[in-house]
Every structure is written in C-alpha cells, then in structure tokens.
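Data first, discussion second: the structure below is written as structure tokens.
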Amino acid sequence: MLPNIAGQYTDTFFQLDWNNFWSKVSFYRSQLLQYTPISGLGLFGLCLLPQKLWKEKLTLASMAILFSGYILNIETVGHCMYGPRYLLPWMPFAALGIIGYQSVQPFFLKFAASVLLMFTFCFSVAVNFIGALSGTMNCDLTSPLYLGFLGNMISGEFIHFPLAKYLGIPFLIWGVVLFAKLSSSALDLMVQGEFKAGWQDIQDRLRTPPINPMAVYISTSVFVALTYYLFIPIKTLPQDYTFLMASELLQGQIGTSTPPPGWLSEYVFRDGRYYFVFPLGSILTMLPVALLDRLGILSGPSSVLIASLIAGGLSCFGFLLAQAYRFSLGMQVSLVIFLTLGNWIWCNLVFGYADMLTLGWSALGQLGSLYFVLGQKQPLISGLLFALAIGNRTEVIVLTPIFMALWFILETDSKRWLVSLYRFCFFPILILLLTFCHNYFRFNSIFEFGKGLVPGIFEQPHFASGLYSIAAIPDHFTEMLTATWQRINHFPFVAPSGFGGSIFLASPFLVLLFRFRAMNQPVVILSWIAMIVMTFTMWLYGDVGGWQFSYRYAVNLLPWIYILLLYNAPRQINIPVICLLLISLLINIYAVWLFHWTTYL
C-alpha cells in the first residue's frame, strides 16, 4: 500500500469512522467465509496455543490486531480481485493458529475440531483452485465468483489454464491414488495409535453418557421443532384450508359459503356451499387450532407452528422407540435427526399446505401407533394414533392387516390377542363411521370423498385414466426412485426439479435399510410388506405429487423406514453413520434454502 500512500490515494489513508469500520467488518467476514474460511479458524486457534507460549500468543495477537486495525479503518477494500487481497499479509498469523488445535482436550473435541478443520481446508483449497484455473481478476465483489467459474469449468471453459480439460482425467486419477494412500495411512493410525483409543473413548462415553438422556431427548426435540419454525420465512400460509373447515365446523356448519381463492381447485360446489375434498379426520385434527384462534390465543392458522409440533412429536416417538431397542445415545440422536431433518419431510412439511400437513399427521400417527405396539403394549392408545393417521390420509387403512398381524405375533394368548384387537380397532372404526357420515352429508354417498367431483378433474392429463390407475405406476416409479436433479445455467447450477426426485438422492442415509441384519424377524418382514403395500397404493393415484421436494407421498413410508432402521442400523454410532447423516442433512438444508428462501425454483 506504500505506492498508494505515496501517490496520495486517500482511500488507503487511516481514518476513524464507525460506520466505515463496521461495513469493513461485515465485508471481510463474508469474504473470509466465501473464499478462505480456514483462515478464520486459524485466527481463533491462536487463542488455543498452550499457556507456556503466552509471549508468542501475545506477540501474534498484537500483530494481528494492529494489522486488522489499519485494514478495517481505510476506505477501500480493493478492486478487481479474487477474495480479500488486503488480508494476504494477515494469513501467516492464521496459519500459525492451526497449531493451537493440537492442544484441544478431550479427544472427542479434538476429533471434532480436526473434522471441521479438514472440511474448511478442503473447501478453501477447492475455491481458490477454481479461481486459479478460471481467472482471478474480476471486479464483482458482491457475490462468490467461484460459483460462476465452476459452471464455466463444468462446461469446459478455462481462462488461465486451457490445457485443464485435457489434463483433467490424469489429475483425477492422481487424486484418487493420493486419497487412497492417505486413507491407508490414516487407517493404520486408527488401528495402531491414539485415534483408535480416542474413538474407543468416544464409544465408551456414548455408551455411558455423563448427562441425563432425558435432557438430550427434550433438548433435541425442542431443537428440531425450533428449526422447523425459525428457518422458514413465512409463518402463516393461506393454503391451510382444513383450518377454515374446522372453523366452520365449530359453528355447526359443514362446508363454507365463502368462495375459495382462485388458485384453489380442490373443492366441490353443491347446494350453495363449498366443500373441500379432505377427509373428516384432517378437519378434526385442526379443531384445537381453530378453537384457540376463536378464543384469540392464536392469530390465524400458523401452519409452520403446526409443522413444528408434528416434527417435535416425531422426535419424541423416535427417541422412545430407539431407547426401547437399546441404541446408544449418540445413535438415538442420529436416528431422530434423520427422521426429522435428514429427509424430504422437512422441506415438504413446512410448505404448510393442507395436503402436506395431512401427510405429517399421518406419519406422526403411524409412528406413535407403532411405539404403542412395539415399545409399550397399549392397544387403545395405539388405535387412537392409527385413527389419526387414517383420518388424515384415508389410504393408510390398507395397513390395518399389518397392525393386526403385529398384535398377533406379540400376543401369545389368542384371547388376549382378540381383546387387544378389539381395543385397537375401536377408534379407527369410529373415525371411519364418522367419515362416512361426513361424506353422506356432503355428497349423498358414504363412499364419496369428493375428489372425483372436482370440476375438470378428469380433463387433467394425469387423471385421464381415472383417479386410480395402473397407468400411473411408471411415473410414480420414476419420481420416487430414479429421477435425478437438474443442471441449470445459473446459480445454484444444480437443483431438484421441484416436481419429484429420488428419495435416495434426498436422503443417502436410506442405504442403511439394505444392511439386512434381521430379515428373519417377523417385525422386519411385516415392515417391508407394509412399505410395499403402501407404495403400490400411492403409485396407483394419478397425480405424482405436484410441487414438492423429492417424493412427498413417501412421508407415509417414514415410520416403517424408521422401524427397519431400528433393526438394520448399528447400535453404536460410527464414522459411516456420521458421514451418511451429514450428507443427508446438508442435502435437505440446501433444499429448504432453495424452496423457501430463494426464487431459483
């Protein structure tokens, strides 16, 4: 900067200005996160250096503060560059700070810090490698330039390194060989050295946790519910028309005289009233919310709040089941995080649409019913929760024989089985009878749910063969199992289609289903049968789901997927489980961001 000062460029003169200072802090913080996050961790590592090096710590900290004090109090941030070029002299301090992480204790924290450092290091190297190949002299400082460069590289366009596309395959082979050698060395260390002992220490701690497991259960469930609520920008959505029908029901009315909004097509107009084509159970589920709204406690149908409560309920039942199957505490948390945040239910549920919420209530009802079958034998409560599932998604009724079979294999005495079966079936039969009455009062037929009466329904291409048809199976098969993401020619470059996608791409954690560790167990066999029956029931429906992330109808499969994981997943948390969970979590965080915080889709 001396030439700038000699040339009297005043934008590099030191000046005390509070607004300028904070703008620079914000700018460099974002630039470090975007281009070199490893340097930020390195600076923090200076604080972790051993106490015996206090003189060195003081010297390095003083130099970093003096340098930062100047950079943050000049007008300019530099122009036409790749990343924060004025921070280059500051990088050696950050590099020395990496050494400080060697002093972290206990080993569990050291391991976590090492993983974080490795991830940020790889990210920093990749970002600057892309910049070095594609061109660094750019003047747009408002967005991460490497995202656009990456798109150019994928298309085979290199500015500074035109031979890269020809050397790419040799470079890739070299990278694979290097990674294999490094992995082999790391494996030797794990087997022979401190890492093995440290990892064993982690497993011992998770096996006998020093904290109260109940505190973990409660805090995780609250965390999941708050994540659903806080990470969605719109809290109340007008699409929750089951709430509207529940409000009318409180006034003794079936249907409404108020015309629905223009975007809503799932209604039937008869005898001067509008009826929405959702089963009675979905309306009864919303009665408490409508009552709270009428009393002035709630203001409107807070759809995301309801989604948060559903997620919290799934967490609670997930923990209760995992504890009953004697998983370690770390594995219990992993399973619950997968169930609520590591698959397509998160992004779809917080849409807040009535059909999305009914899927959430159905999943909660099925999982709760399974707990009161497998965890605690409470047939009446199990039947009540199964009625919640049927009331919201009538197609779940096809699983009734599966639940009857579960009670049969769990009750050795035939008389007790009949008593349990009677208690279990009481509430499902009750909700079915009420639903038939509701259908009759609306459409003069107990078996008419109204979907086939929607104006123009059979003019839509996917219902050309009827509401339910074998012809719909190929489309469902594609959208649920094989459909991939799409590449677009602008940021974010790769995104789901918005109308489906393989559930295995949405949640790689599902590969644990195929460990097949307990295929001889009756519960496992029945769970696979339940998934197959439910899948083909969904595949017969004409519509493949509309606007959604991945395949939203598969939310109905999640309780059975969870049961299978209770048999197939390892009892103790390990590195493959952590990797699968992190990848699944990142994919769904990305999906939530795309669908709910951006306009890319």
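Residues are named by chain letter and number: chains run A, B, ... in the order of the structure tokens, numbers start at 1 in each chain, and ligands are numbered from 1 in the order shown.
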
In stretch 238-307 of chain A, DSSP helix (DSSP H, G or I) residues written as a ChimeraX atom specification: /A:241-250,280-285,287-294,303-307

Quick one: write out the picked residues with C-alpha atoms as an mmCIF file, in the first residue's frame?
```cif
data_model
loop_
_atom_site.group_PDB
_atom_site.id
_atom_site.type_symbol
_atom_site.label_atom_id
_atom_site.label_comp_id
_atom_site.auth_asym_id
_atom_site.auth_seq_id
_atom_site.Cartn_x
_atom_site.Cartn_y
_atom_site.Cartn_z
ATOM 1 C CA TYR A 241 -57.983 -24.757 4.222
ATOM 2 C CA THR A 242 -58.583 -27.637 6.650
ATOM 3 C CA PHE A 243 -58.320 -24.906 9.295
ATOM 4 C CA LEU A 244 -61.096 -22.995 7.503
ATOM 5 C CA MET A 245 -63.329 -26.089 7.522
ATOM 6 C CA ALA A 246 -62.580 -26.668 11.216
ATOM 7 C CA SER A 247 -63.643 -23.079 11.976
ATOM 8 C CA GLU A 248 -66.905 -23.675 10.112
ATOM 9 C CA LEU A 249 -67.421 -26.953 11.992
ATOM 10 C CA LEU A 250 -67.136 -25.102 15.315
ATOM 11 C CA LEU A 280 -63.077 -35.595 8.200
ATOM 12 C CA GLY A 281 -60.036 -36.583 10.280
ATOM 13 C CA SER A 282 -57.928 -33.795 8.811
ATOM 14 C CA ILE A 283 -60.616 -31.285 9.844
ATOM 15 C CA LEU A 284 -60.991 -32.751 13.348
ATOM 16 C CA THR A 285 -57.203 -32.538 13.774
ATOM 17 C CA LEU A 287 -60.289 -28.226 15.675
ATOM 18 C CA PRO A 288 -57.998 -27.354 18.640
ATOM 19 C CA VAL A 289 -56.187 -24.789 16.484
ATOM 20 C CA ALA A 290 -59.473 -23.298 15.287
ATOM 21 C CA LEU A 291 -60.703 -23.130 18.883
ATOM 22 C CA LEU A 292 -57.535 -21.333 20.019
ATOM 23 C CA ASP A 293 -57.974 -18.917 17.133
ATOM 24 C CA ARG A 294 -61.580 -18.247 18.124
ATOM 25 C CA SER A 303 -49.135 -23.623 9.505
ATOM 26 C CA VAL A 304 -45.420 -23.668 10.285
ATOM 27 C CA LEU A 305 -46.198 -23.833 14.016
ATOM 28 C CA ILE A 306 -48.295 -26.935 13.349
ATOM 29 C CA ALA A 307 -45.480 -28.404 11.264
#
```

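The space between atom CA of A:Asn444 and atom CA of A:Leu264 spans 23.3 Å.
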
Within 12 Å of A:Ser465 using only C-alpha atoms, minus same-chain residues under 5 positions, as a list in words: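 Residues near the query, excluding close chain neighbours: Ile457, Phe458, Glu459, Gln460, Ile470, Ala471, Ala472, Ile473, Leu540, Tyr541, Gly542 and Asp543 of chain A.
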
Okay, now the selection with C-alpha atoms, as a PDB file, in the first residue's frame?
```
ATOM      1  CA  ILE A 457     -60.502 -33.156 -12.666  1.00  0.00           C
ATOM      2  CA  PHE A 458     -60.605 -35.754 -15.449  1.00  0.00           C
ATOM      3  CA  GLU A 459     -59.540 -33.220 -18.057  1.00  0.00           C
ATOM      4  CA  GLN A 460     -56.096 -33.134 -16.451  1.00  0.00           C
ATOM      5  CA  ILE A 470     -52.153 -48.898 -13.236  1.00  0.00           C
ATOM      6  CA  ALA A 471     -51.074 -46.444 -15.945  1.00  0.00           C
ATOM      7  CA  ALA A 472     -49.846 -44.066 -13.218  1.00  0.00           C
ATOM      8  CA  ILE A 473     -47.276 -46.534 -11.824  1.00  0.00           C
ATOM      9  CA  LEU A 540     -51.947 -46.100  -8.331  1.00  0.00           C
ATOM     10  CA  TYR A 541     -53.018 -42.495  -7.733  1.00  0.00           C
ATOM     11  CA  GLY A 542     -52.997 -40.388 -10.892  1.00  0.00           C
ATOM     12  CA  ASP A 543     -51.115 -37.366  -9.537  1.00  0.00           C
TER      13      ASP A 543
END
```

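Proximity of A:Phe403, A:Trp593, A:Phe67, A:Phe493 to A:Phe549, computed with only C-alpha atoms, is greatest for A:Trp593.
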
Selection near stretch 523-531 of chain A, 7 Å with only C-alpha atoms, sequence-local residues under 4 positions removed, as a list in words: Leu399, Ile402, Ala518, Met519, Thr535, Leu557, Trp560 and Leu564 of chain A

Any chance you can output those residues with N, CA, C and O atoms as a PDB file, in the first residue's frame?
```
ATOM      1  N   LEU A 399     -53.062 -50.536   5.717  1.00  0.00           N
ATOM      2  CA  LEU A 399     -52.076 -51.085   6.650  1.00  0.00           C
ATOM      3  C   LEU A 399     -52.731 -51.758   7.855  1.00  0.00           C
ATOM      4  O   LEU A 399     -52.020 -52.296   8.714  1.00  0.00           O
ATOM      5  N   ILE A 402     -51.619 -55.212   8.653  1.00  0.00           N
ATOM      6  CA  ILE A 402     -50.243 -55.261   9.169  1.00  0.00           C
ATOM      7  C   ILE A 402     -50.254 -55.064  10.685  1.00  0.00           C
ATOM      8  O   ILE A 402     -49.573 -55.797  11.428  1.00  0.00           O
ATOM      9  N   ALA A 518     -31.570 -58.397  10.028  1.00  0.00           N
ATOM     10  CA  ALA A 518     -32.563 -59.145  10.819  1.00  0.00           C
ATOM     11  C   ALA A 518     -33.753 -59.541   9.952  1.00  0.00           C
ATOM     12  O   ALA A 518     -34.902 -59.373  10.341  1.00  0.00           O
ATOM     13  N   MET A 519     -33.486 -60.061   8.773  1.00  0.00           N
ATOM     14  CA  MET A 519     -34.572 -60.398   7.854  1.00  0.00           C
ATOM     15  C   MET A 519     -35.444 -61.549   8.355  1.00  0.00           C
ATOM     16  O   MET A 519     -36.532 -61.779   7.850  1.00  0.00           O
ATOM     17  N   THR A 535     -46.601 -48.364  -0.823  1.00  0.00           N
ATOM     18  CA  THR A 535     -46.003 -47.792  -2.035  1.00  0.00           C
ATOM     19  C   THR A 535     -46.893 -48.011  -3.253  1.00  0.00           C
ATOM     20  O   THR A 535     -47.171 -47.077  -4.009  1.00  0.00           O
ATOM     21  N   LEU A 557     -44.174 -43.470   4.288  1.00  0.00           N
ATOM     22  CA  LEU A 557     -43.302 -44.626   4.478  1.00  0.00           C
ATOM     23  C   LEU A 557     -42.316 -44.435   5.626  1.00  0.00           C
ATOM     24  O   LEU A 557     -41.703 -45.413   6.085  1.00  0.00           O
ATOM     25  N   TRP A 560     -42.238 -46.712   8.806  1.00  0.00           N
ATOM     26  CA  TRP A 560     -41.786 -48.083   8.554  1.00  0.00           C
ATOM     27  C   TRP A 560     -40.299 -48.109   8.213  1.00  0.00           C
ATOM     28  O   TRP A 560     -39.596 -49.075   8.568  1.00  0.00           O
ATOM     29  N   LEU A 564     -37.446 -50.286  10.307  1.00  0.00           N
ATOM     30  CA  LEU A 564     -36.417 -51.107   9.672  1.00  0.00           C
ATOM     31  C   LEU A 564     -35.018 -50.663  10.097  1.00  0.00           C
ATOM     32  O   LEU A 564     -34.120 -51.496  10.290  1.00  0.00           O
TER      33      LEU A 564
END
```

9 Å contact set for A:Gly313, only C-alpha atoms, chain neighbours under 6 positions out, as a ChimeraX atom specification: /A:221,225,364,368

8 Å contact set for stretch 498-509 of chain A, only C-alpha atoms, chain neighbours under 3 positions out, as a ChimeraX atom specification: /A:338,342-344,478-485,512,544-552,554,577,580-581,583-585,587-588,601

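Among A:Pro260, A:Pro213, A:Gly272, A:Gly131, the residue with the shortest atom-to-atom distance to A:Arg442, counting only C-alpha atoms, is A:Gly272.
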
Straight-line distance linking atom CA of A:Leu374 with atom CA of A:Arg517, stated in Å to one decimal: 18.5 Å

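Within the 7 Å cut-off around stretch 47-50 of chain A, using only C-alpha atoms and omitting residues fewer than 2 positions from it on the same chain, the listed residues are Phe44, Gly45, Lys52, Leu53, Gly100, Tyr101 and Ser103 of chain A.
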
Could you save the residues just selected, with all heavy atoms, as a PDB file, in the first residue's frame?
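Final file, out08.pdb:
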```
ATOM      1  N   PHE A  44      -8.711 -18.032  15.256  1.00  0.00           N
ATOM      2  CA  PHE A  44      -9.259 -18.471  16.536  1.00  0.00           C
ATOM      3  C   PHE A  44      -8.304 -19.435  17.232  1.00  0.00           C
ATOM      4  O   PHE A  44      -8.215 -19.466  18.463  1.00  0.00           O
ATOM      5  CB  PHE A  44     -10.620 -19.132  16.314  1.00  0.00           C
ATOM      6  CG  PHE A  44     -11.245 -19.659  17.573  1.00  0.00           C
ATOM      7  CD1 PHE A  44     -11.847 -18.794  18.474  1.00  0.00           C
ATOM      8  CD2 PHE A  44     -11.225 -21.021  17.866  1.00  0.00           C
ATOM      9  CE1 PHE A  44     -12.423 -19.279  19.640  1.00  0.00           C
ATOM     10  CE2 PHE A  44     -11.794 -21.506  19.025  1.00  0.00           C
ATOM     11  CZ  PHE A  44     -12.396 -20.632  19.921  1.00  0.00           C
ATOM     12  N   GLY A  45      -7.568 -20.228  16.437  1.00  0.00           N
ATOM     13  CA  GLY A  45      -6.629 -21.186  17.016  1.00  0.00           C
ATOM     14  C   GLY A  45      -5.506 -20.534  17.789  1.00  0.00           C
ATOM     15  O   GLY A  45      -4.875 -21.182  18.640  1.00  0.00           O
ATOM     16  N   LYS A  52       2.130 -21.977  28.053  1.00  0.00           N
ATOM     17  CA  LYS A  52       3.565 -21.722  28.151  1.00  0.00           C
ATOM     18  C   LYS A  52       4.074 -20.854  26.992  1.00  0.00           C
ATOM     19  O   LYS A  52       5.175 -20.317  27.054  1.00  0.00           O
ATOM     20  CB  LYS A  52       4.340 -23.043  28.192  1.00  0.00           C
ATOM     21  CG  LYS A  52       4.173 -23.905  26.939  1.00  0.00           C
ATOM     22  CD  LYS A  52       4.920 -25.218  27.077  1.00  0.00           C
ATOM     23  CE  LYS A  52       4.747 -26.096  25.833  1.00  0.00           C
ATOM     24  NZ  LYS A  52       5.456 -27.383  25.955  1.00  0.00           N
ATOM     25  N   LEU A  53       3.280 -20.742  25.945  1.00  0.00           N
ATOM     26  CA  LEU A  53       3.645 -19.891  24.805  1.00  0.00           C
ATOM     27  C   LEU A  53       2.952 -18.537  24.895  1.00  0.00           C
ATOM     28  O   LEU A  53       2.652 -17.930  23.870  1.00  0.00           O
ATOM     29  CB  LEU A  53       3.268 -20.596  23.489  1.00  0.00           C
ATOM     30  CG  LEU A  53       3.929 -21.955  23.217  1.00  0.00           C
ATOM     31  CD1 LEU A  53       3.401 -22.544  21.924  1.00  0.00           C
ATOM     32  CD2 LEU A  53       5.450 -21.800  23.153  1.00  0.00           C
ATOM     33  N   GLY A 100      -2.632 -24.436  17.231  1.00  0.00           N
ATOM     34  CA  GLY A 100      -3.304 -24.393  18.524  1.00  0.00           C
ATOM     35  C   GLY A 100      -4.315 -25.496  18.734  1.00  0.00           C
ATOM     36  O   GLY A 100      -4.604 -25.872  19.886  1.00  0.00           O
ATOM     37  N   TYR A 101      -4.863 -26.040  17.659  1.00  0.00           N
ATOM     38  CA  TYR A 101      -5.875 -27.091  17.810  1.00  0.00           C
ATOM     39  C   TYR A 101      -5.282 -28.402  18.309  1.00  0.00           C
ATOM     40  O   TYR A 101      -6.020 -29.299  18.722  1.00  0.00           O
ATOM     41  CB  TYR A 101      -6.595 -27.304  16.473  1.00  0.00           C
ATOM     42  CG  TYR A 101      -7.510 -26.155  16.114  1.00  0.00           C
ATOM     43  CD1 TYR A 101      -7.049 -25.092  15.335  1.00  0.00           C
ATOM     44  CD2 TYR A 101      -8.820 -26.117  16.564  1.00  0.00           C
ATOM     45  CE1 TYR A 101      -7.874 -24.023  15.019  1.00  0.00           C
ATOM     46  CE2 TYR A 101      -9.659 -25.058  16.243  1.00  0.00           C
ATOM     47  CZ  TYR A 101      -9.176 -24.014  15.468  1.00  0.00           C
ATOM     48  OH  TYR A 101      -9.995 -22.954  15.149  1.00  0.00           O
ATOM     49  N   SER A 103      -3.761 -28.629  20.965  1.00  0.00           N
ATOM     50  CA  SER A 103      -3.886 -28.580  22.426  1.00  0.00           C
ATOM     51  C   SER A 103      -5.293 -28.831  22.918  1.00  0.00           C
ATOM     52  O   SER A 103      -5.547 -28.808  24.119  1.00  0.00           O
ATOM     53  CB  SER A 103      -3.419 -27.205  22.930  1.00  0.00           C
ATOM     54  OG  SER A 103      -2.108 -26.924  22.488  1.00  0.00           O
TER      55      SER A 103
END
```

For A:Leu558, the nearest of the candidates A:Ala495, A:Ile65, A:Leu357, A:Leu339, counting only C-alpha atoms: A:Leu339

From A:Gly365, A:Gly391, A:Gly383, A:Gly456, residue lying nearest A:Leu434 [only C-alpha atoms]: A:Gly391

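Proximity ranking of A:Ala113, A:Ile578, A:Leu421, A:Leu510 relative to A:Leu406 places A:Leu421 first, based on only C-alpha atoms.
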